[in-house]
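*Asks:* What follows is the file entry-v7.tsv, containing TSV, C-alpha atoms:
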```tsv
chain	number	residue	atom	x	y	z
A	1	MET	CA	0.00	0.00	0.00
A	2	SER	CA	1.48	3.40	-1.03
A	3	HIS	CA	1.70	6.24	1.42
A	4	VAL	CA	-0.71	9.11	0.76
A	5	GLU	CA	0.40	12.61	1.72
A	6	THR	CA	-2.18	14.62	3.64
A	7	GLU	CA	-2.04	17.45	1.08
A	8	GLU	CA	-2.83	15.16	-1.85
A	9	ILE	CA	-6.07	15.68	-3.74
A	10	LEU	CA	-8.40	12.72	-4.27
A	11	ALA	CA	-10.94	12.79	-7.09
A	12	ARG	CA	-14.28	11.00	-7.03
A	13	TYR	CA	-15.57	10.93	-10.60
A	14	ILE	CA	-19.24	11.71	-11.20
A	15	TYR	CA	-21.39	9.89	-13.76
A	16	SER	CA	-24.87	10.91	-12.58
A	17	LYS	CA	-26.29	14.42	-12.36
A	18	ASN	CA	-28.04	13.20	-9.25
A	19	HIS	CA	-24.70	13.54	-7.44
A	20	TYR	CA	-24.33	17.31	-7.57
A	21	ARG	CA	-26.36	20.48	-7.17
A	22	SER	CA	-26.46	22.56	-10.32
A	23	SER	CA	-27.90	25.46	-8.34
A	24	ASP	CA	-24.72	26.22	-6.40
A	25	HIS	CA	-22.17	23.88	-7.98
A	26	THR	CA	-21.62	21.69	-4.95
A	27	ALA	CA	-21.32	17.93	-4.52
A	28	ARG	CA	-24.08	15.97	-2.84
A	29	HIS	CA	-23.44	13.38	-0.15
A	30	SER	CA	-24.66	10.65	-2.50
A	31	VAL	CA	-21.45	10.79	-4.54
A	32	PHE	CA	-19.52	9.77	-1.42
A	33	MET	CA	-21.83	6.98	-0.28
A	34	PRO	CA	-19.74	3.78	-0.33
A	35	PRO	CA	-20.85	0.59	-2.08
A	36	GLU	CA	-21.70	-2.59	-0.19
A	37	ASP	CA	-18.04	-3.58	0.16
A	38	ARG	CA	-17.41	-0.21	1.90
A	39	ARG	CA	-14.56	0.72	-0.45
A	40	LEU	CA	-15.17	4.10	-2.06
A	41	SER	CA	-13.15	4.37	-5.25
A	42	VAL	CA	-11.09	7.56	-5.78
A	43	PHE	CA	-8.00	8.64	-7.74
A	44	ARG	CA	-4.97	10.52	-6.49
A	45	ILE	CA	-4.68	13.39	-8.94
A	46	SER	CA	-2.03	15.68	-7.43
A	47	GLY	CA	0.68	16.56	-9.93
A	48	LEU	CA	-1.37	15.58	-12.99
A	49	GLN	CA	-2.36	17.95	-15.78
A	50	GLU	CA	-6.06	18.85	-15.79
A	51	ASN	CA	-6.75	17.14	-19.12
A	52	ASP	CA	-5.09	13.97	-17.83
A	53	VAL	CA	-7.26	14.07	-14.73
A	54	TRP	CA	-10.37	14.16	-16.93
A	55	SER	CA	-8.98	11.45	-19.14
A	56	ILE	CA	-8.83	9.01	-16.20
A	57	GLY	CA	-12.52	9.50	-15.43
A	58	ASP	CA	-13.53	9.20	-19.06
A	59	ASN	CA	-11.82	5.86	-19.46
A	60	LEU	CA	-13.09	4.21	-16.31
A	61	ARG	CA	-16.65	3.63	-17.50
A	62	SER	CA	-18.54	3.21	-20.75
A	63	GLN	CA	-19.74	6.80	-20.48
A	64	PRO	CA	-17.62	9.93	-19.96
A	65	SER	CA	-17.67	11.53	-16.54
A	66	LEU	CA	-19.85	14.57	-15.95
A	67	GLY	CA	-17.49	16.00	-13.39
A	68	ARG	CA	-15.68	15.15	-10.21
A	69	ALA	CA	-15.65	15.92	-6.52
A	70	ASP	CA	-12.13	16.73	-5.32
A	71	ILE	CA	-11.21	16.37	-1.69
A	72	LYS	CA	-7.97	16.65	0.27
A	73	ALA	CA	-6.64	13.46	1.82
A	74	LEU	CA	-6.38	15.37	5.11
A	75	SER	CA	-10.14	16.04	5.08
A	76	VAL	CA	-10.81	12.31	4.74
A	77	LEU	CA	-8.51	11.47	7.64
A	78	GLU	CA	-9.89	14.27	9.82
A	79	ILE	CA	-13.36	12.73	9.86
A	80	GLY	CA	-12.01	9.35	10.90
A	81	LEU	CA	-11.89	7.55	7.56
A	82	LEU	CA	-8.81	5.90	6.02
A	83	ILE	CA	-7.24	5.80	2.58
A	84	ASP	CA	-6.05	2.55	1.07
A	85	ALA	CA	-3.88	3.43	-1.94
A	86	ASP	CA	-3.86	0.11	-3.78
A	87	ASP	CA	-2.53	1.53	-7.09
A	88	ILE	CA	-4.75	-0.89	-9.05
A	89	PRO	CA	-4.89	0.75	-11.55
A	90	PRO	CA	-2.10	3.26	-10.93
A	91	ARG	CA	-3.15	6.24	-8.79
A	92	HIS	CA	-6.23	4.39	-7.58
A	93	ALA	CA	-7.20	4.37	-3.92
A	94	ASN	CA	-10.19	3.48	-1.78
A	95	ILE	CA	-11.64	5.41	1.11
A	96	ILE	CA	-12.21	2.81	3.82
A	97	GLY	CA	-12.92	2.57	7.55
A	98	TRP	CA	-16.64	3.30	7.26
A	99	PRO	CA	-18.88	2.75	10.28
A	100	GLU	CA	-21.43	-0.07	10.31
A	101	GLU	CA	-24.60	1.93	10.97
A	102	ALA	CA	-26.35	3.25	7.84
A	103	SER	CA	-27.07	6.65	9.36
A	104	ALA	CA	-23.44	7.03	10.47
A	105	ILE	CA	-22.30	6.23	6.92
A	106	LYS	CA	-24.68	8.88	5.61
A	107	LEU	CA	-23.21	11.45	8.01
A	108	LYS	CA	-19.63	10.65	6.92
A	109	ALA	CA	-20.64	10.99	3.27
A	110	MET	CA	-22.25	14.35	4.08
A	111	GLU	CA	-19.09	15.52	5.83
A	112	LEU	CA	-17.00	14.57	2.81
A	113	ALA	CA	-19.39	16.38	0.47
A	114	GLU	CA	-19.22	19.52	2.59
A	115	LYS	CA	-15.42	19.54	2.31
A	116	ALA	CA	-15.24	18.64	-1.39
A	117	SER	CA	-14.90	20.93	-4.39
A	118	LEU	CA	-17.07	20.19	-7.38
A	119	ARG	CA	-15.52	20.40	-10.85
A	120	LEU	CA	-17.85	20.09	-13.80
A	121	LYS	CA	-16.76	19.71	-17.39
B	1	MET	CA	-68.39	15.36	1.72
B	2	SER	CA	-68.43	18.30	4.09
B	3	VAL	CA	-66.20	21.35	3.84
B	4	ALA	CA	-65.37	23.47	6.86
B	5	VAL	CA	-64.67	27.07	5.91
B	6	GLN	CA	-62.52	28.73	8.53
B	7	CYS	CA	-62.99	32.49	8.76
B	8	ILE	CA	-59.67	33.37	10.33
B	9	GLY	CA	-57.66	35.71	8.14
B	10	PHE	CA	-60.49	36.80	5.85
B	11	ASP	CA	-64.01	38.10	6.22
B	12	CYS	CA	-66.69	35.48	6.71
B	13	PRO	CA	-69.04	35.30	3.77
B	14	ASN	CA	-72.53	36.56	4.54
B	15	PHE	CA	-74.12	33.24	3.73
B	16	LEU	CA	-72.36	31.69	6.71
B	17	THR	CA	-74.02	34.03	9.18
B	18	ARG	CA	-77.48	34.21	7.63
B	19	PRO	CA	-80.18	32.24	9.49
B	20	SER	CA	-80.96	29.01	7.69
B	21	SER	CA	-84.69	29.70	7.81
B	22	GLU	CA	-84.30	32.78	5.62
B	23	GLY	CA	-85.07	32.10	2.00
B	24	VAL	CA	-82.84	33.21	-0.89
B	25	ASP	CA	-83.74	34.00	-4.46
B	26	GLN	CA	-82.23	32.22	-7.44
B	27	GLY	CA	-79.64	34.94	-8.10
B	28	SER	CA	-78.46	34.99	-4.50
B	29	SER	CA	-78.31	31.21	-4.44
B	30	LYS	CA	-76.07	31.19	-7.52
B	31	ARG	CA	-73.76	33.79	-5.94
B	32	ILE	CA	-73.59	31.72	-2.76
B	33	VAL	CA	-72.60	28.63	-4.71
B	34	GLU	CA	-69.99	30.62	-6.65
B	35	ARG	CA	-68.58	31.94	-3.37
B	36	ILE	CA	-68.46	28.44	-1.89
B	37	ILE	CA	-66.59	27.14	-4.92
B	38	GLU	CA	-64.19	30.09	-4.76
B	39	GLU	CA	-63.43	29.53	-1.08
B	40	VAL	CA	-63.07	25.76	-1.49
B	41	ASN	CA	-60.64	26.30	-4.36
B	42	LYS	CA	-58.64	28.72	-2.21
B	43	LEU	CA	-58.41	26.08	0.52
B	44	ARG	CA	-57.46	23.37	-1.94
B	45	GLY	CA	-54.83	25.67	-3.42
B	46	SER	CA	-53.22	26.26	-0.04
B	47	GLU	CA	-53.07	22.51	0.59
B	48	SER	CA	-51.27	21.72	-2.64
B	49	MET	CA	-48.68	24.45	-2.19
B	50	THR	CA	-45.82	23.85	0.22
B	51	PHE	CA	-43.18	26.28	1.38
B	52	GLY	CA	-40.67	26.89	-1.40
B	53	ARG	CA	-41.96	24.71	-4.25
B	54	PRO	CA	-45.37	23.51	-5.39
B	55	LEU	CA	-46.21	19.94	-4.45
B	56	ASP	CA	-46.72	18.92	-8.07
B	57	GLU	CA	-43.20	20.02	-8.93
B	58	ILE	CA	-41.68	17.91	-6.15
B	59	LEU	CA	-43.72	14.86	-7.11
B	60	THR	CA	-42.68	15.25	-10.74
B	61	SER	CA	-39.04	15.53	-9.69
B	62	LEU	CA	-39.41	12.41	-7.54
B	63	LEU	CA	-40.86	10.43	-10.45
B	64	GLU	CA	-38.13	11.61	-12.85
B	65	ILE	CA	-35.35	10.61	-10.45
B	66	TYR	CA	-37.02	7.28	-9.73
B	67	ARG	CA	-37.16	6.53	-13.47
B	68	GLU	CA	-33.53	7.58	-13.98
B	69	CYS	CA	-32.30	5.47	-11.08
B	70	SER	CA	-34.54	2.40	-11.21
B	71	HIS	CA	-31.86	0.27	-12.85
B	72	ALA	CA	-28.74	-1.12	-11.19
B	73	GLY	CA	-25.54	0.79	-11.79
B	74	TRP	CA	-27.24	4.13	-12.46
B	75	ASP	CA	-24.34	6.01	-10.82
B	76	GLY	CA	-21.62	4.33	-12.89
B	77	TYR	CA	-20.35	2.53	-9.77
B	78	GLY	CA	-22.79	-0.36	-9.36
B	79	ALA	CA	-25.46	1.39	-7.34
B	80	SER	CA	-28.54	-0.62	-6.40
B	81	ALA	CA	-31.68	0.19	-8.37
B	82	VAL	CA	-34.16	2.45	-6.61
B	83	THR	CA	-37.16	0.24	-5.87
B	84	GLU	CA	-40.82	0.99	-6.39
B	85	ASP	CA	-41.34	0.53	-2.65
B	86	ALA	CA	-38.76	3.24	-1.96
B	87	TYR	CA	-40.46	5.52	-4.46
B	88	GLU	CA	-43.90	4.98	-2.94
B	89	GLU	CA	-42.59	5.56	0.56
B	90	ALA	CA	-40.88	8.75	-0.58
B	91	ARG	CA	-44.22	9.95	-2.03
B	92	LYS	CA	-45.80	9.27	1.32
B	93	ILE	CA	-43.13	11.30	3.14
B	94	ILE	CA	-43.70	14.27	0.82
B	95	ASN	CA	-47.41	14.21	1.54
B	96	LEU	CA	-46.75	14.06	5.27
B	97	LEU	CA	-44.39	17.03	5.41
B	98	PRO	CA	-45.94	20.00	7.22
B	99	SER	CA	-46.60	22.86	4.83
B	100	SER	CA	-44.49	25.13	7.05
B	101	ILE	CA	-41.36	23.14	6.20
B	102	LYS	CA	-39.45	23.94	3.05
B	103	MET	CA	-39.69	21.29	0.34
B	104	PRO	CA	-36.51	19.23	-0.05
B	105	GLU	CA	-34.33	18.35	-3.02
B	106	ILE	CA	-34.75	14.74	-4.13
B	107	VAL	CA	-31.65	12.54	-4.14
B	108	ALA	CA	-31.31	8.91	-5.17
B	109	GLU	CA	-28.82	7.05	-3.03
B	110	PRO	CA	-26.53	4.24	-4.23
B	111	THR	CA	-28.14	1.96	-1.64
B	112	GLY	CA	-31.34	2.05	-3.72
B	113	GLU	CA	-33.09	4.38	-1.29
B	114	MET	CA	-34.79	7.64	-2.13
B	115	GLY	CA	-33.39	10.54	-0.18
B	116	PHE	CA	-34.49	14.06	0.69
B	117	GLU	CA	-32.04	16.85	1.25
B	118	TRP	CA	-32.57	20.18	2.96
B	119	ARG	CA	-29.57	22.48	2.72
B	120	ARG	CA	-29.50	25.93	4.15
B	121	GLY	CA	-25.91	26.67	3.19
B	122	LYS	CA	-22.43	25.34	3.82
B	123	GLY	CA	-22.36	23.24	6.99
B	124	GLN	CA	-26.15	23.36	7.40
B	125	VAL	CA	-27.71	20.27	5.90
B	126	PHE	CA	-30.19	17.55	6.82
B	127	VAL	CA	-30.73	14.37	4.81
B	128	LEU	CA	-33.13	11.48	5.23
B	129	SER	CA	-33.79	8.42	3.11
B	130	VAL	CA	-36.35	5.65	2.83
B	131	GLY	CA	-36.19	2.27	1.18
B	132	GLY	CA	-39.75	0.97	1.44
B	133	LYS	CA	-39.15	-0.79	4.77
B	134	HIS	CA	-40.90	1.66	7.10
B	135	ARG	CA	-37.58	3.02	8.33
B	136	ILE	CA	-36.20	6.52	7.95
B	137	THR	CA	-32.43	6.86	8.06
B	138	TYR	CA	-31.28	10.41	8.70
B	139	ALA	CA	-28.22	12.55	9.37
B	140	GLY	CA	-27.68	16.23	9.89
B	141	ILE	CA	-24.90	18.77	10.11
B	142	PHE	CA	-25.77	21.92	12.03
B	143	GLY	CA	-22.48	23.77	12.07
B	144	ASP	CA	-20.28	21.99	14.61
B	145	ASN	CA	-23.13	19.76	15.77
B	146	LYS	CA	-23.71	16.50	13.96
B	147	ILE	CA	-26.47	13.97	14.43
B	148	HIS	CA	-27.58	10.71	12.86
B	149	GLY	CA	-30.09	7.98	13.55
B	150	SER	CA	-33.03	5.98	12.27
B	151	GLU	CA	-36.72	5.95	13.08
B	152	TYR	CA	-39.60	3.58	12.46
B	153	PHE	CA	-42.19	5.20	10.24
B	154	GLU	CA	-45.75	4.18	9.37
B	155	GLU	CA	-48.53	6.74	8.98
B	156	THR	CA	-47.00	9.84	10.54
B	157	LEU	CA	-43.66	11.56	10.26
B	158	PRO	CA	-41.65	10.99	13.47
B	159	MET	CA	-41.48	14.13	15.60
B	160	VAL	CA	-37.69	13.92	15.82
B	161	ILE	CA	-37.47	14.48	12.05
B	162	ILE	CA	-39.66	17.57	12.24
B	163	GLN	CA	-37.62	18.88	15.16
B	164	HIS	CA	-34.36	18.52	13.25
B	165	LEU	CA	-35.85	20.29	10.22
B	166	ARG	CA	-37.08	23.14	12.40
B	167	ARG	CA	-33.62	23.33	13.94
B	168	LEU	CA	-32.10	23.68	10.48
B	169	TYR	CA	-34.30	26.63	9.60
B	170	SER	CA	-34.48	28.27	13.05
```
Now, as a test, write the supplied structure out as structure tokens.
*Replies:*
Amino acid sequence: MSHVETEEILARYIYSKNHYRSSDHTARHSVFMPPEDRRLSVFRISGLQENDVWSIGDNLRSQPSLGRADIKALSVLEIGLLIDADDIPPRHANIIGWPEEASAIKLKAMELAEKASLRLK
Amino acid sequence: MSVAVQCIGFDCPNFLTRPSSEGVDQGSSKRIVERIIEEVNKLRGSESMTFGRPLDEILTSLLEIYRECSHAGWDGYGASAVTEDAYEEARKIINLLPSSIKMPEIVAEPTGEMGFEWRRGKGQVFVLSVGGKHRITYAGIFGDNKIHGSEYFEETLPMVIIQHLRRLYS
């Protein structure tokens, strides 16, 4: 597992307009809700050119990304979650350490969304 | 069907105070009926309008999001499909919201639940979701204060939910 610096930026790519608010260009909590295996997929994008950052998101799925929610690694750690940088594929990481209770998961996702910056294409 | 016309906030129509034994001519009778219809429509109008957005608009938004997210993987990450039960329960919640509370934004969640979001600004947000199992899961951020929990739900909205919403907008 690679070491993630606290100042690194993690990107969560967005493929549904349900995951952000067009009204004030902010990310919703739903984009940070983890799947059943409690491993929230993100990419470490610090040091990459902007077009390369978009290119990652566009090649992950069958459809291009609509945008991304960027968040500092420090913000993830500050709310008690962990980052597992597995580098599969390169630069990939998972946000882990989620609580068991559904409502507690929702709160963590909301806290991440409040600290994230939305970037739309 | 009976309709109670409350006279608080506007003048009571004359027909409400006239003795029932007093006869009315055909013209007066027609005017009375027109006035009744007008007042009933006013009351109906106030019921279908909630603070912030009309009820119809919210229900349309709910249906659109349900349709968009009723297949697995709708978020590009393998989200569960939003179920019809979740949609129906969300409709029920909307109809149970007090008219004094601002209408929420609708959010599908990757768990397959339908969520409602009230956001007053940065660091002031309350979210709840339902999945068709009579349980409301909620969380809120009120500045430095954070809460979360779940409540059983059947025919009425749990008071704790209303209290948190009032706290958000107080």
*Asks:* Calculated over all atoms listed in the file, which of the candidates B:Gln26, B:Ile106, B:Ser129, B:Leu165 has the smallest distance to Ile65 of chain B?
*Replies:*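 Closest to Ile65 of chain B, using all atoms listed in the file: B:Ile106.
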*Asks:* If we count only C-alpha atoms, which residues of chain B reach to within 10 Å of chain A? Please list them as a PyMOL selection string.
*Replies:* chain B and resi 65+68-69+74-80+105-111+115+117+121-129+136-141+146-150
*Asks:* Enter the distance from atom CA of Ala69 of chain A to atom CA of Ser117 of chain A, in Å, rounded to one decimal.
*Replies:* 5.5 Å
*Asks:* Could you please determine the separation between atom CA of Ser170 of chain B and atom CA of Gly143 of chain B in Å, to one decimal place?
*Replies:*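 It comes out at 12.9 Å.
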*Asks:* Could you give me, as a ChimeraX atom specification, the residues within 12 Å of Ile56 of chain A, counting all atoms listed in the file and dropping anything in the same chain fewer than 4 positions from it?
*Replies:* /A:11-14,42-45,48-52,60-61,63-65,67-68,89-92
*Asks:* Would you mind exporting the chosen residues as a PDB file, in the frame of the given file, restricted to C-alpha atoms?
*Replies:*
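The resulting out.pdb:
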```pdb
ATOM      1  CA  ALA A  11     -10.940  12.790  -7.090  1.00  0.00           C
ATOM      2  CA  ARG A  12     -14.280  11.000  -7.030  1.00  0.00           C
ATOM      3  CA  TYR A  13     -15.570  10.930 -10.600  1.00  0.00           C
ATOM      4  CA  ILE A  14     -19.240  11.710 -11.200  1.00  0.00           C
ATOM      5  CA  VAL A  42     -11.090   7.560  -5.780  1.00  0.00           C
ATOM      6  CA  PHE A  43      -8.000   8.640  -7.740  1.00  0.00           C
ATOM      7  CA  ARG A  44      -4.970  10.520  -6.490  1.00  0.00           C
ATOM      8  CA  ILE A  45      -4.680  13.390  -8.940  1.00  0.00           C
ATOM      9  CA  LEU A  48      -1.370  15.580 -12.990  1.00  0.00           C
ATOM     10  CA  GLN A  49      -2.360  17.950 -15.780  1.00  0.00           C
ATOM     11  CA  GLU A  50      -6.060  18.850 -15.790  1.00  0.00           C
ATOM     12  CA  ASN A  51      -6.750  17.140 -19.120  1.00  0.00           C
ATOM     13  CA  ASP A  52      -5.090  13.970 -17.830  1.00  0.00           C
ATOM     14  CA  LEU A  60     -13.090   4.210 -16.310  1.00  0.00           C
ATOM     15  CA  ARG A  61     -16.650   3.630 -17.500  1.00  0.00           C
ATOM     16  CA  GLN A  63     -19.740   6.800 -20.480  1.00  0.00           C
ATOM     17  CA  PRO A  64     -17.620   9.930 -19.960  1.00  0.00           C
ATOM     18  CA  SER A  65     -17.670  11.530 -16.540  1.00  0.00           C
ATOM     19  CA  GLY A  67     -17.490  16.000 -13.390  1.00  0.00           C
ATOM     20  CA  ARG A  68     -15.680  15.150 -10.210  1.00  0.00           C
ATOM     21  CA  PRO A  89      -4.890   0.750 -11.550  1.00  0.00           C
ATOM     22  CA  PRO A  90      -2.100   3.260 -10.930  1.00  0.00           C
ATOM     23  CA  ARG A  91      -3.150   6.240  -8.790  1.00  0.00           C
ATOM     24  CA  HIS A  92      -6.230   4.390  -7.580  1.00  0.00           C
TER      25      HIS A  92
END
```
*Asks:* Do you have the atom CA of Met159 of chain B-atom CA of Glu113 of chain B distance handy?
*Replies:*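 For atom CA of Met159 of chain B relative to atom CA of Glu113 of chain B, the distance reads 21.2 Å.
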*Asks:* Give the answer as one residue: which of A:Asp37, A:Val53, A:Leu74, A:Ala27 has the shortest atom-to-atom distance to Glu7 of chain A, using only C-alpha atoms?
*Replies:* A:Leu74
*Asks:* My list of candidates is B:Lys30, B:Lys102, B:Lys133, B:Arg119. Which is closest to Thr83 of chain B when distances are computed with only C-alpha atoms?
*Replies:*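 Under the stated criterion, the closest residue is B:Lys133.
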*Asks:* Determine the nearest neighbour of Asn145 of chain B from the options B:Ile93, B:Tyr87, B:Pro54, B:His164, counting only C-alpha atoms.
*Replies:*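 Checking each candidate against Asn145 of chain B, we get B:His164 as the closest.
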